[in-house]
Structure formats: C-alpha cells, structure tokens
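A.B. asks: Sharing work-v3.csv, CSV, C-alpha atoms and all ligand atoms:
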chain,number,residue,atom,x,y,z
A,1,MET,CA,135.8,56.5,42.6
A,2,LYS,CA,133.3,59.0,44.0
A,3,ILE,CA,130.6,57.5,46.2
A,4,ASP,CA,127.7,59.9,46.4
A,5,LEU,CA,125.1,59.1,49.1
A,6,ARG,CA,123.8,62.6,49.6
A,7,SER,CA,120.5,61.8,47.9
A,8,ASP,CA,118.8,59.6,45.4
A,9,THR,CA,118.5,62.7,43.2
A,10,VAL,CA,122.2,62.6,42.1
A,11,THR,CA,121.6,59.8,39.6
A,12,LYS,CA,122.3,60.4,35.9
A,13,PRO,CA,120.3,58.8,33.1
A,14,THR,CA,121.5,55.4,32.0
A,15,LYS,CA,122.5,54.7,28.5
A,16,ASP,CA,119.2,53.0,27.7
A,17,MET,CA,117.2,55.8,29.3
A,18,LEU,CA,119.1,58.4,27.2
A,19,GLU,CA,118.3,56.3,24.1
A,20,ALA,CA,114.6,56.4,25.0
A,21,MET,CA,114.9,60.1,25.4
A,22,MET,CA,116.6,60.7,22.1
A,23,ALA,CA,114.0,58.6,20.3
A,24,ALA,CA,111.0,60.5,21.8
A,25,GLN,CA,108.3,62.0,19.6
A,26,VAL,CA,107.8,65.5,20.7
A,27,GLY,CA,105.6,68.6,20.1
A,28,ASP,CA,104.7,71.8,21.8
A,29,ASP,CA,103.2,70.8,25.2
A,30,VAL,CA,101.7,74.3,25.7
A,31,PHE,CA,99.4,73.4,22.9
A,32,ARG,CA,99.2,69.9,24.6
A,33,GLU,CA,100.7,68.5,21.4
A,34,ASP,CA,103.6,66.6,22.9
A,35,GLU,CA,102.6,63.0,22.4
A,36,THR,CA,105.3,61.6,24.8
A,37,VAL,CA,104.2,64.0,27.6
A,38,ASN,CA,100.6,62.9,26.9
A,39,LEU,CA,101.6,59.3,27.0
A,40,LEU,CA,103.4,59.7,30.3
A,41,GLU,CA,100.4,61.5,31.8
A,42,GLU,CA,98.0,58.8,30.6
A,43,LYS,CA,100.3,56.1,31.9
A,44,VAL,CA,100.6,57.5,35.4
A,45,ALA,CA,96.9,58.4,35.6
A,46,GLN,CA,96.1,54.8,34.7
A,47,LEU,CA,98.6,53.4,37.3
A,48,PHE,CA,96.6,55.2,40.0
A,49,GLY,CA,93.2,54.6,38.4
A,50,LYS,CA,92.7,58.4,38.2
A,51,GLU,CA,91.2,60.5,35.4
A,52,SER,CA,93.9,63.0,35.0
A,53,ALA,CA,97.6,63.5,35.4
A,54,LEU,CA,100.0,66.5,34.8
A,55,PHE,CA,103.7,66.4,34.2
A,56,PHE,CA,105.8,68.9,36.3
A,57,PRO,CA,109.4,70.1,36.3
A,58,SER,CA,109.7,69.4,40.1
A,59,GLY,CA,108.0,67.7,43.0
A,60,THR,CA,107.8,70.9,44.8
A,61,MET,CA,105.8,72.5,42.0
A,62,ALA,CA,103.5,69.4,41.9
A,63,ASN,CA,102.9,69.6,45.7
A,64,GLN,CA,102.4,73.4,45.6
A,65,THR,CA,99.9,73.1,42.8
A,66,ALA,CA,98.0,70.4,44.8
A,67,ILE,CA,97.9,72.7,47.9
A,68,LYS,CA,96.5,75.5,45.7
A,69,LEU,CA,93.9,73.2,44.2
A,70,HIS,CA,92.6,72.2,47.6
A,71,THR,CA,92.7,75.5,49.5
A,72,ASN,CA,91.8,79.2,49.6
A,73,PRO,CA,94.0,81.9,51.2
A,74,GLY,CA,93.7,82.0,55.0
A,75,GLU,CA,92.9,78.3,55.3
A,76,GLN,CA,94.9,75.6,57.0
A,77,VAL,CA,96.7,72.4,56.0
A,78,ILE,CA,97.3,69.6,58.4
A,79,CYS,CA,100.6,67.8,58.0
A,80,ASP,CA,103.4,66.2,60.1
A,81,LYS,CA,106.1,68.4,61.6
A,82,TYR,CA,108.6,66.5,59.4
A,83,ALA,CA,106.6,67.2,56.1
A,84,HIS,CA,108.5,68.2,53.0
A,85,ILE,CA,105.7,70.6,52.1
A,86,TYR,CA,106.3,72.4,55.4
A,87,ASN,CA,110.1,72.1,55.9
A,88,TYR,CA,111.7,72.0,52.4
A,89,GLU,CA,109.5,74.0,50.0
A,90,SER,CA,110.7,77.4,51.0
A,91,GLY,CA,107.5,78.4,52.7
A,92,GLY,CA,105.7,77.9,49.4
A,93,ALA,CA,102.4,76.9,51.1
A,94,SER,CA,102.1,80.4,52.6
A,95,PHE,CA,103.7,82.2,49.6
A,96,ASN,CA,101.7,80.5,46.8
A,97,SER,CA,98.4,79.6,48.5
A,98,GLY,CA,98.3,81.9,51.6
A,99,VAL,CA,97.7,79.0,53.9
A,100,SER,CA,99.2,78.0,57.2
A,101,CYS,CA,100.2,74.5,58.3
A,102,LYS,CA,98.9,72.8,61.5
A,103,LEU,CA,101.7,70.5,62.5
A,104,ILE,CA,101.1,67.1,63.9
A,105,ASP,CA,103.8,65.7,66.3
A,106,GLY,CA,104.0,62.3,64.6
A,107,GLU,CA,106.4,59.4,64.6
A,108,ARG,CA,109.0,59.3,61.9
A,109,GLY,CA,106.8,61.6,59.8
A,110,MET,CA,103.7,59.6,60.2
A,111,PHE,CA,100.6,60.1,62.4
A,112,LYS,CA,97.3,58.6,63.5
A,113,ALA,CA,93.7,59.4,62.4
A,114,GLU,CA,92.9,60.6,66.0
A,115,GLN,CA,95.7,63.1,65.7
A,116,VAL,CA,94.1,64.4,62.5
A,117,LEU,CA,90.8,64.7,64.2
A,118,GLU,CA,92.3,66.7,67.0
A,119,ALA,CA,94.1,69.0,64.6
A,120,ILE,CA,90.9,70.1,62.8
A,121,ASN,CA,89.8,73.6,63.8
A,122,PRO,CA,86.3,74.2,65.1
A,123,GLU,CA,83.8,75.8,62.8
A,124,ASP,CA,83.8,79.2,64.6
A,125,TYR,CA,84.5,82.0,62.3
A,126,TYR,CA,87.6,83.2,64.1
A,127,TYR,CA,89.5,80.0,63.4
A,128,SER,CA,91.4,79.3,60.2
A,129,LYS,CA,89.3,76.9,58.1
A,130,THR,CA,90.9,73.5,57.9
A,131,SER,CA,90.7,72.3,54.3
A,132,LEU,CA,93.4,69.8,53.6
A,133,VAL,CA,95.3,66.9,55.1
A,134,ALA,CA,98.7,66.1,53.5
A,135,LEU,CA,100.6,62.8,54.0
A,136,GLU,CA,104.1,61.8,52.8
A,137,ASN,CA,105.1,58.3,51.8
A,138,THR,CA,107.8,57.3,52.2
A,139,THR,CA,108.7,60.0,54.7
A,140,ASN,CA,111.9,61.8,53.8
A,141,LYS,CA,112.9,63.4,57.2
A,142,GLY,CA,111.4,60.3,58.8
A,143,GLY,CA,114.1,58.1,57.3
A,144,GLY,CA,112.2,56.5,54.4
A,145,ALA,CA,109.5,55.0,56.6
A,146,CYS,CA,106.4,53.5,55.0
A,147,TRP,CA,102.8,54.2,56.1
A,148,ASP,CA,100.5,51.4,57.3
A,149,PHE,CA,97.7,51.5,54.7
A,150,GLU,CA,95.1,50.7,57.4
A,151,GLU,CA,95.9,54.0,59.1
A,152,ILE,CA,95.6,55.8,55.8
A,153,LEU,CA,92.1,54.4,55.4
A,154,LYS,CA,91.2,55.7,58.8
A,155,ILE,CA,92.5,59.1,57.9
A,156,ARG,CA,90.5,59.0,54.7
A,157,GLN,CA,87.4,58.4,56.8
A,158,VAL,CA,88.2,61.4,59.0
A,159,CYS,CA,88.7,63.6,55.9
A,160,ALA,CA,85.4,62.4,54.4
A,161,GLU,CA,83.4,63.1,57.6
A,162,ASN,CA,84.9,66.6,57.9
A,163,GLY,CA,84.9,67.6,54.2
A,164,LEU,CA,88.7,67.8,54.0
A,165,GLY,CA,90.8,67.1,50.9
A,166,LEU,CA,93.5,64.4,51.1
A,167,HIS,CA,96.8,64.9,49.3
A,168,LEU,CA,99.8,62.5,49.2
A,169,ASP,CA,103.3,63.7,48.7
A,170,GLY,CA,104.4,60.5,47.1
A,171,ALA,CA,107.8,61.7,45.9
A,172,ARG,CA,109.1,58.2,47.0
A,173,LEU,CA,105.8,56.3,46.8
A,174,TRP,CA,107.4,53.8,44.4
A,175,ASN,CA,109.8,52.9,47.3
A,176,ALA,CA,106.9,52.3,49.6
A,177,ILE,CA,105.0,50.2,47.1
A,178,VAL,CA,107.9,47.9,46.5
A,179,GLU,CA,108.5,47.4,50.2
A,180,THR,CA,104.9,46.9,51.4
A,181,ASN,CA,103.3,45.3,48.3
A,182,ASP,CA,100.4,47.7,48.5
A,183,SER,CA,99.2,48.8,45.0
A,184,LEU,CA,99.2,52.2,43.3
A,185,ASP,CA,95.6,51.6,42.5
A,186,GLN,CA,94.8,51.3,46.2
A,187,TYR,CA,96.5,54.7,46.8
A,188,GLY,CA,94.6,56.2,43.9
A,189,LYS,CA,91.3,55.2,45.5
A,190,VAL,CA,91.9,57.0,48.8
A,191,PHE,CA,93.8,60.2,47.9
A,192,ASP,CA,92.2,63.1,46.0
A,193,THR,CA,95.6,64.1,44.7
A,194,ILE,CA,99.0,62.4,44.6
A,195,SER,CA,102.4,63.7,43.5
A,196,VAL,CA,105.1,61.3,42.5
A,197,CYS,CA,108.8,62.0,41.6
A,198,LEU,CA,110.5,60.5,38.6
A,199,SER,CA,113.9,62.0,39.5
A,200,LYS,CA,114.6,60.2,42.7
A,201,GLY,CA,114.8,56.5,43.0
A,202,LEU,CA,113.6,56.0,39.5
A,203,GLY,CA,116.7,57.8,38.1
A,204,CYS,CA,115.2,60.4,35.7
A,205,PRO,CA,117.0,63.7,35.2
A,206,VAL,CA,113.8,65.8,35.8
A,207,GLY,CA,110.2,65.4,36.5
A,208,SER,CA,107.2,64.8,38.8
A,209,VAL,CA,103.6,64.0,38.1
A,210,LEU,CA,100.4,65.1,39.9
A,211,VAL,CA,97.4,62.9,39.6
A,212,GLY,CA,93.7,63.4,40.5
A,213,ASN,CA,90.2,63.1,39.2
A,214,ALA,CA,89.0,65.6,36.6
A,215,ASP,CA,87.0,67.8,39.1
A,216,ILE,CA,90.0,68.6,41.4
A,217,MET,CA,92.5,68.7,38.5
A,218,LYS,CA,90.6,71.0,36.2
A,219,ASP,CA,92.6,74.1,37.3
A,220,ALA,CA,96.0,72.3,37.6
A,221,LEU,CA,97.1,73.4,34.1
A,222,ARG,CA,96.4,77.0,34.8
A,223,ILE,CA,98.1,76.9,38.2
A,224,ARG,CA,101.2,75.2,36.7
A,225,LYS,CA,101.3,78.1,34.2
A,226,ILE,CA,101.0,80.6,37.0
A,227,PHE,CA,104.0,78.9,38.7
A,228,GLY,CA,105.9,79.1,35.5
A,229,GLY,CA,106.0,75.4,35.0
A,230,ASN,CA,104.9,75.2,31.3
A,231,MET,CA,107.4,73.2,29.2
A,232,ARG,CA,107.5,73.0,25.4
A,233,GLN,CA,109.0,69.8,24.0
A,234,GLY,CA,108.9,68.2,27.4
A,235,GLY,CA,108.6,64.8,25.7
A,236,TYR,CA,112.4,64.3,25.9
A,237,LEU,CA,112.0,64.4,29.7
A,238,ALA,CA,108.7,62.5,29.7
A,239,ALA,CA,110.3,59.7,27.7
A,240,ALA,CA,112.8,59.2,30.6
A,241,GLY,CA,109.8,58.9,32.9
A,242,ILE,CA,108.1,56.3,30.8
A,243,TYR,CA,111.4,54.3,30.6
A,244,ALA,CA,111.9,54.5,34.3
A,245,LEU,CA,108.3,53.3,35.1
A,246,ASP,CA,108.9,50.3,32.9
A,247,HIS,CA,112.4,49.4,34.1
A,248,HIS,CA,113.4,51.0,37.4
A,249,ILE,CA,110.7,50.2,39.9
A,250,ASP,CA,111.4,46.6,40.7
A,251,ARG,CA,115.1,47.2,41.2
A,252,LEU,CA,114.5,49.6,44.1
A,253,LYS,CA,114.8,46.5,46.4
A,254,GLU,CA,118.5,46.4,45.7
A,255,ASP,CA,118.8,49.9,47.2
A,256,TYR,CA,117.1,48.7,50.4
A,257,LYS,CA,119.4,45.8,50.8
A,258,LYS,CA,122.4,48.0,50.5
A,259,ALA,CA,120.9,50.6,52.9
A,260,LYS,CA,120.3,47.9,55.5
A,261,GLU,CA,123.9,46.6,55.1
A,262,ILE,CA,125.2,50.2,55.6
A,263,GLY,CA,123.0,50.5,58.7
A,264,GLU,CA,124.4,47.3,60.2
A,265,ALA,CA,128.0,48.5,59.6
A,266,LEU,CA,127.3,51.9,61.0
A,267,ALA,CA,125.8,50.5,64.1
A,268,LYS,CA,129.2,49.0,65.0
A,269,LEU,CA,131.1,52.3,64.7
A,270,ASN,CA,132.4,53.9,67.9
A,271,GLN,CA,130.9,57.4,67.2
A,272,VAL,CA,127.5,56.1,66.2
A,273,LYS,CA,124.9,56.3,69.0
A,274,SER,CA,121.9,54.9,67.0
A,275,VAL,CA,120.7,54.0,63.5
A,276,GLU,CA,117.0,54.6,62.8
A,277,PRO,CA,115.0,51.7,61.5
A,278,ILE,CA,115.8,51.2,57.8
A,279,GLU,CA,112.8,50.3,55.7
A,280,THR,CA,113.7,51.6,52.2
A,281,ASN,CA,116.7,53.5,50.8
A,282,ILE,CA,117.2,56.1,53.4
A,283,VAL,CA,119.7,55.7,56.3
A,284,ILE,CA,119.5,58.2,59.2
A,285,PHE,CA,121.8,57.8,62.1
A,286,GLU,CA,122.9,59.8,65.1
A,287,LEU,CA,126.4,60.3,66.5
A,288,HIS,CA,127.2,60.3,70.2
A,289,ASP,CA,126.9,63.7,72.0
A,290,ASP,CA,130.7,64.1,72.1
A,291,ALA,CA,131.2,63.2,68.4
A,292,ASP,CA,131.7,66.0,65.8
A,293,ASP,CA,129.2,65.5,62.9
A,294,LYS,CA,131.0,68.0,60.7
A,295,ALA,CA,134.3,66.2,61.2
A,296,PHE,CA,132.6,62.9,60.5
A,297,VAL,CA,131.2,64.2,57.2
A,298,GLN,CA,134.6,65.6,56.3
A,299,LYS,CA,136.5,62.4,57.1
A,300,LEU,CA,134.2,60.5,54.8
A,301,ALA,CA,134.6,63.2,52.1
A,302,ALA,CA,138.4,62.7,52.3
A,303,GLN,CA,137.7,59.1,51.4
A,304,ASN,CA,135.5,60.2,48.5
A,305,VAL,CA,132.3,59.3,50.2
A,306,PHE,CA,129.7,62.1,50.4
A,307,ILE,CA,126.8,62.2,52.8
A,308,ILE,CA,124.7,65.1,54.4
A,309,SER,CA,124.2,66.3,57.9
A,310,MET,CA,120.7,67.0,59.1
A,311,GLY,CA,121.7,68.9,62.2
A,312,ASN,CA,121.5,67.8,65.8
A,313,LYS,CA,124.2,65.1,65.2
A,314,LYS,CA,122.0,63.4,62.7
A,315,LEU,CA,123.4,62.3,59.4
A,316,ARG,CA,121.7,60.9,56.3
A,317,MET,CA,122.7,58.6,53.4
A,318,VAL,CA,120.5,57.5,50.5
A,319,THR,CA,121.2,54.6,48.3
A,320,HIS,CA,120.2,54.8,44.6
A,321,LEU,CA,120.6,53.5,41.0
A,322,ASP,CA,124.1,54.9,40.6
A,323,TYR,CA,125.4,53.5,43.8
A,324,SER,CA,126.9,50.3,42.4
A,325,ASP,CA,127.9,47.0,44.0
A,326,THR,CA,131.5,47.9,43.7
A,327,MET,CA,131.0,51.2,45.5
A,328,HIS,CA,128.9,49.4,48.1
A,329,ASN,CA,131.6,46.8,48.8
A,330,LYS,CA,134.3,49.5,49.0
A,331,PHE,CA,132.2,51.6,51.4
A,332,ILE,CA,131.3,48.7,53.7
A,333,GLU,CA,135.0,47.8,53.9
A,334,LEU,CA,135.8,51.4,54.8
A,335,LEU,CA,133.2,51.3,57.6
A,336,LYS,CA,134.5,48.0,58.9
A,337,LEU,CA,137.9,49.6,59.5
A,338,ASN,CA,136.1,51.8,62.1
A,339,LYS,CA,138.6,54.6,61.6
A,340,LEU,CA,136.3,57.5,60.9
B,401,LIG,C1,112.3,65.5,46.9
B,401,LIG,C2,111.0,65.6,47.5
B,401,LIG,C3,110.0,66.5,47.0
B,401,LIG,C4,110.2,67.3,45.8
B,401,LIG,O1,111.4,67.7,45.5
B,401,LIG,P1,111.9,68.4,44.1
B,401,LIG,O2,113.3,68.6,44.4
B,401,LIG,O3,111.1,69.7,44.1
B,401,LIG,O4,111.6,67.6,43.0
B,401,LIG,C5,108.8,66.5,47.6
B,401,LIG,N1,108.5,65.7,48.7
B,401,LIG,C6,109.4,64.9,49.2
B,401,LIG,C7,109.0,64.0,50.4
B,401,LIG,C8,110.7,64.8,48.7
B,401,LIG,O5,111.6,64.0,49.2
Take the structure I supplied and represent it as structure tokens, if you would.
C.D. replies:
Amino acid sequence: MKIDLRSDTVTKPTKDMLEAMMAAQVGDDVFREDETVNLLEEKVAQLFGKESALFFPSGTMANQTAIKLHTNPGEQVICDKYAHIYNYESGGASFNSGVSCKLIDGERGMFKAEQVLEAINPEDYYYSKTSLVALENTTNKGGGACWDFEEILKIRQVCAENGLGLHLDGARLWNAIVETNDSLDQYGKVFDTISVCLSKGLGCPVGSVLVGNADIMKDALRIRKIFGGNMRQGGYLAAAGIYALDHHIDRLKEDYKKAKEIGEALAKLNQVKSVEPIETNIVIFELHDDADDKAFVQKLAAQNVFIISMGNKKLRMVTHLDYSDTMHNKFIELLKLNKL
C-alpha cells in the first residue's frame, strides 16, 4: 500500500466523480457553449456573490491572470515572502505582467495591515507604482495557516484608501472556510478577485476558478486566451468541479483530524525538533540540526510513505481525500515505532 502525503494534488477522481464527468453535457467552450463549464462558473460566482467567474486549467494561470488584470508593466505587487505567486509560479508575475513583488516579512505567510501600509511606495515618479496586494488563504508554505478575517478587513481598508486592488490566492480557501466557519460570501465582499483550486483538497483531476465583478473580469477571457488556457469541451472537467463542490467540502475536516494526529506522533520522534501548528491539512515539521532530512525522506519511502522536503531540514506532509483511514492507522503505527 502506497501512502502518498506529498501533496493534496495526488488524488484521483472517485467513482462517483467519474460518473458525474461521464454524464456531463458539453459543447465548445471557446464559443462559450459548454453548458457544464457555464454552470460551474455560475455556481462559483454565486458562492462568492460575484458577478463573474472563469474556469482555468490551473491555479497558477488563474493567479497570473488576476495579476495581469490588476497591474500594468513596471508596477509592484505586495505579497508575503512565502507567497505562492512569488515562490512557485516560475517568476510568472514578472514574465507575464512585467511587475515586481514587494515582499512582506510575515508570520506563517500572513501579515498585518500596518505592514501593507509600510510596503506601499510613495507617489514620487521614480518609485514603482504599487497597484495590488495579494493574500493567500490557507497559506501553503506557511503550513496551511488560516487568516483572521478581522485582519483581512483592515487590509481591505488600507487598499481602499490607497487605490490598490486586492487579490486572494484561495487555492485552499475551502480548507480555511471549513476550519474558521467564515463564509465564502464574506470573502467575495472584500476581495476584488479570488482564485480557488478544485484539484487540491476537493479531489478534482484538473481545474481552478477565478471570480470577480464584471468590471475587473472583463478582460479575463482574453488574457486566459493569451496564456493559452482556452479549453474546448471542458465540461467533462467542470463536472468534476461541480461534483466536488457539492460533496467534498464538508469532509475536509477528516483531513485536519488526521493531520493533527500525524503532528502529535511526529512530535515524539527523536529526530524531530519541532512541528508547526497544524490548523488544516498541511503538516510542516523540522528535524534536529544533526538529523539528515534526505535520509529521513528515503527511510519513509522505503516503507512506502512519500513526503517532500522543503529544504533547511523542513519537511512537509499533506493529508487528502485518498489518504484513507487504513493508511492513516498504518502510518501512525509506523511513527510510533520511532525507528526512522
Ligand atoms: C497549488 C497552489 C496554486 C496553484 O497551483 P497549480 O498547480 O497551478 O494549480 C496556487 N496557490 C497556492 C497557494 C497553491 O497551493
């Protein structure tokens, strides 16, 4: 039995999801005639109380489109030093939109409204013009941490007072919602654009959605085309998204319970120096200075358990839909042996 905890993206469609995909009504989405894609977009727009939504092949493309919608070349985006848009999108912000990032030294990928205020460039012409603030919830590199909505409201205020756009990389926003009991509608009210992933915790094979109001979203379709993101009978994929939104959100709590139990077991291991607070489905832990992280990963792999190294003796595990109770029990037993 292979236990794959490298990411929540490794899931495969369930039988019921596959059936929903097979039954989808499709058409050519380049003519905007795929009714299942249209349905998914309407559904997600409605969840957030936004006027418009667009289906994307990846979260990266959805974020990159948002950055392009909010900025002109030469301008600057404020984000955390851990941000996915800065670290893990291949430098796309500069490649696609010609913008730079002003990094905030936040805490687990999150920051305060005052830090945003400090990061805004003065008006003088020789500065890069600050045009966008981007948040991430839950934070990926920050270990699945959830933002405090009160802080988001303060940041919204700073953006409004300084004429800045506000984007949310909500690849794992579903995870945050289930943990905090905040509502998607609440998020829709404060952010200008939000990207969400269907292919992580929700278990779809492919897909992300970008939402916003009509004014900001009016060029999204053209930009997605420029990025090569047009799909034809995308309805087969969109059907998986609709199915996941209806069936796979509430169950995310099971992933958190397992993640917390893994964290507790890890904390007792000799090589483990610390385990970061576990709020959702991501477990980040650090080995002692004299421990060998590569060897640790390899020893687990030899037991058919797969995790990833984040460098600097930090390792990551992510629980998900395909990480079953049986796998979990087996893995916990393995950790309890303390022989890694
Ligand atoms: C996974 C992820 C994305 C997008 O990833 P894709 O692999 O392009 O779908 C964006 N932001 C965060 C925080 C992510 O974890």
A.B. asks: Would you mind listing what lies within 7 Å of Val305 of chain A as a list in words, with all atoms listed in the file counted and same-chain residues fewer than 4 positions away left out?
C.D. replies: Lys2, Ile3, Asp4, Leu300 and Ala301 of chain A
A.B. asks: Please identify the residues whose atoms come within 10 Å of ligand LIG 401 (chain B), using only C-alpha atoms and all ligand atoms, and report them as an MDAnalysis selection string.
C.D. replies: chainID A and resid 7:9 56:64 82:89 109 135:142 144 168:173 195:200 206:208
A.B. asks: Draw an axis-aligned box tight on the listed atoms of segment 311-323 of chain A, then pad every side by 5 Å and write out centre and edge lengths in Å to one decimal as JSON.
C.D. replies:
{"center_x": 122.8, "center_y": 61.2, "center_z": 53.2, "size_x": 15.2, "size_y": 25.4, "size_z": 35.2}
A.B. asks: Report, in Å with one decimal, the straight-line distance from atom CA of His320 of chain A to atom CA of Leu5 of chain A.
C.D. replies: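 These atoms are spaced 7.9 Å apart.
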A.B. asks: Restricting the calculation to all atoms listed in the file, which member of A:Val158, A:Met217, A:Arg6, A:Glu35 is positioned closest to Glu51 of chain A?
C.D. replies: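 So, comparing all the options, the nearest one is A:Met217.
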A.B. asks: Within 9 Å of (108.1, 58.2, 30.8), in the coordinates the file gives, what residues turn up when you count all atoms listed in the file, written out as a list in words?
C.D. replies: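 Checked against the point, the hits come out as Ala20, Met21, Thr36, Val37, Leu39, Leu40, Glu41, Lys43, Val44, Leu198, Cys204, Gly235, Tyr236, Leu237, Ala238, Ala239, Ala240, Gly241, Ile242, Tyr243, Ala244, Leu245 and Asp246 of chain A.
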A.B. asks: State, in Å with one decimal place, the distance from atom CA of Ile278 of chain A to atom CA of Ala259 of chain A.
C.D. replies: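 Atom CA of Ile278 of chain A sits 7.1 Å away from atom CA of Ala259 of chain A.
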A.B. asks: Counting all atoms listed in the file, which of A:Arg108, A:Lys313, A:Lys253, A:Lys68 gets nearest to Phe95 of chain A?
C.D. replies: A:Lys68
A.B. asks: Mind pulling up the distance from atom CA of Ser131 of chain A to atom CA of Thr71 of chain A?
C.D. replies: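 Going from atom CA of Thr71 of chain A over to atom CA of Ser131 of chain A covers 6.1 Å.
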A.B. asks: From the options A:Asp148, A:Asp185, A:Glu118, A:Glu254, which residue's atoms come nearest to Thr130 of chain A, counting all atoms listed in the file?
C.D. replies: A:Glu118
A.B. asks: Restricting the calculation to only C-alpha atoms: of A:Val211, A:Ile262, A:Ile282, A:Cys101, which residue gets closest to Ala176 of chain A?
C.D. replies: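 Of A:Val211, A:Ile262, A:Ile282, A:Cys101, the one nearest Ala176 of chain A, counting only C-alpha atoms, is A:Ile282.
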A.B. asks: Using all atoms listed in the file, which residues sit within 10 Å of segment 119-129 of chain A once same-chain residues fewer than 4 positions away are excluded, as a list in words?
C.D. replies: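 Within the cut-off, the hits are Thr71, Asn72, Pro73, Gly74, Glu75, Gln76, Val77, Ile78, Cys79, Val99, Ser100, Lys102, Leu103, Ile104, Ala113, Glu114, Gln115, Val133, Val158, Cys159, Asn162 and Leu164 of chain A.
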A.B. asks: Lys273 of chain A: which residues within 10 Å, counting only C-alpha atoms, same-chain residues fewer than 2 positions away excluded, as a ChimeraX atom specification?
C.D. replies: /A:266-271,275,285-289,291,313-314
A.B. asks: Between A:Ser183, A:Gln298, A:Glu276, A:Val10, which one has atoms that come closest to Thr319 of chain A, using all atoms listed in the file?
C.D. replies: A:Val10
A.B. asks: List as a list of chain:residue names the protein and nucleic acid residues near Ala45 of chain A, meaning an atom at most 9 Å away when only C-alpha atoms are counted, but skip any in the same chain fewer than 3 places from it.
C.D. replies: A:Leu40, A:Glu41, A:Glu42, A:Phe48, A:Gly49, A:Lys50, A:Glu51, A:Ser52, A:Ala53, A:Leu54, A:Gly188, A:Leu210, A:Val211, A:Gly212, A:Asn213
A.B. asks: Could you check which of A:Ala66, A:Lys15, A:Lys258, A:Met22 is closest to Arg224 of chain A, using all atoms listed in the file?
C.D. replies: A:Ala66
A.B. asks: Skipping near chain neighbours, those fewer than 4 positions away, what residues fall within 9 Å of Lys12 of chain A using only C-alpha atoms, listed as a VMD selection string?
C.D. replies: chain A and resid 203 to 205 321 to 322
A.B. asks: With N, CA and C atoms as the target, complete segment 291-302 of chain A and hand it back as a JSON list (two decimals), keeping the file's coordinate frame.
C.D. replies:
[["chain", "number", "residue", "atom", "x", "y", "z"],
["A", 291, "ALA", "N", 130.67, 63.36, 69.78],
["A", 291, "ALA", "CA", 131.20, 63.20, 68.40],
["A", 291, "ALA", "C", 130.95, 64.50, 67.62],
["A", 292, "ASP", "N", 131.79, 64.76, 66.63],
["A", 292, "ASP", "CA", 131.70, 66.00, 65.80],
["A", 292, "ASP", "C", 131.11, 65.57, 64.45],
["A", 293, "ASP", "N", 129.86, 65.95, 64.18],
["A", 293, "ASP", "CA", 129.20, 65.50, 62.90],
["A", 293, "ASP", "C", 129.90, 66.10, 61.68],
["A", 294, "LYS", "N", 130.34, 67.37, 61.81],
["A", 294, "LYS", "CA", 131.00, 68.00, 60.70],
["A", 294, "LYS", "C", 132.30, 67.25, 60.32],
["A", 295, "ALA", "N", 133.04, 66.93, 61.37],
["A", 295, "ALA", "CA", 134.30, 66.20, 61.20],
["A", 295, "ALA", "C", 134.04, 64.83, 60.55],
["A", 296, "PHE", "N", 132.98, 64.19, 60.99],
["A", 296, "PHE", "CA", 132.60, 62.90, 60.50],
["A", 296, "PHE", "C", 132.34, 62.95, 58.96],
["A", 297, "VAL", "N", 131.55, 63.97, 58.57],
["A", 297, "VAL", "CA", 131.20, 64.20, 57.20],
["A", 297, "VAL", "C", 132.51, 64.45, 56.36],
["A", 298, "GLN", "N", 133.38, 65.26, 56.96],
["A", 298, "GLN", "CA", 134.60, 65.60, 56.30],
["A", 298, "GLN", "C", 135.57, 64.43, 56.11],
["A", 299, "LYS", "N", 135.63, 63.60, 57.14],
["A", 299, "LYS", "CA", 136.50, 62.40, 57.10],
["A", 299, "LYS", "C", 136.03, 61.48, 55.95],
["A", 300, "LEU", "N", 134.71, 61.34, 55.84],
["A", 300, "LEU", "CA", 134.20, 60.50, 54.80],
["A", 300, "LEU", "C", 134.49, 61.15, 53.40],
["A", 301, "ALA", "N", 134.33, 62.46, 53.33],
["A", 301, "ALA", "CA", 134.60, 63.20, 52.10],
["A", 301, "ALA", "C", 136.05, 62.98, 51.64],
["A", 302, "ALA", "N", 136.95, 62.95, 52.63],
["A", 302, "ALA", "CA", 138.40, 62.70, 52.30],
["A", 302, "ALA", "C", 138.58, 61.36, 51.71]]
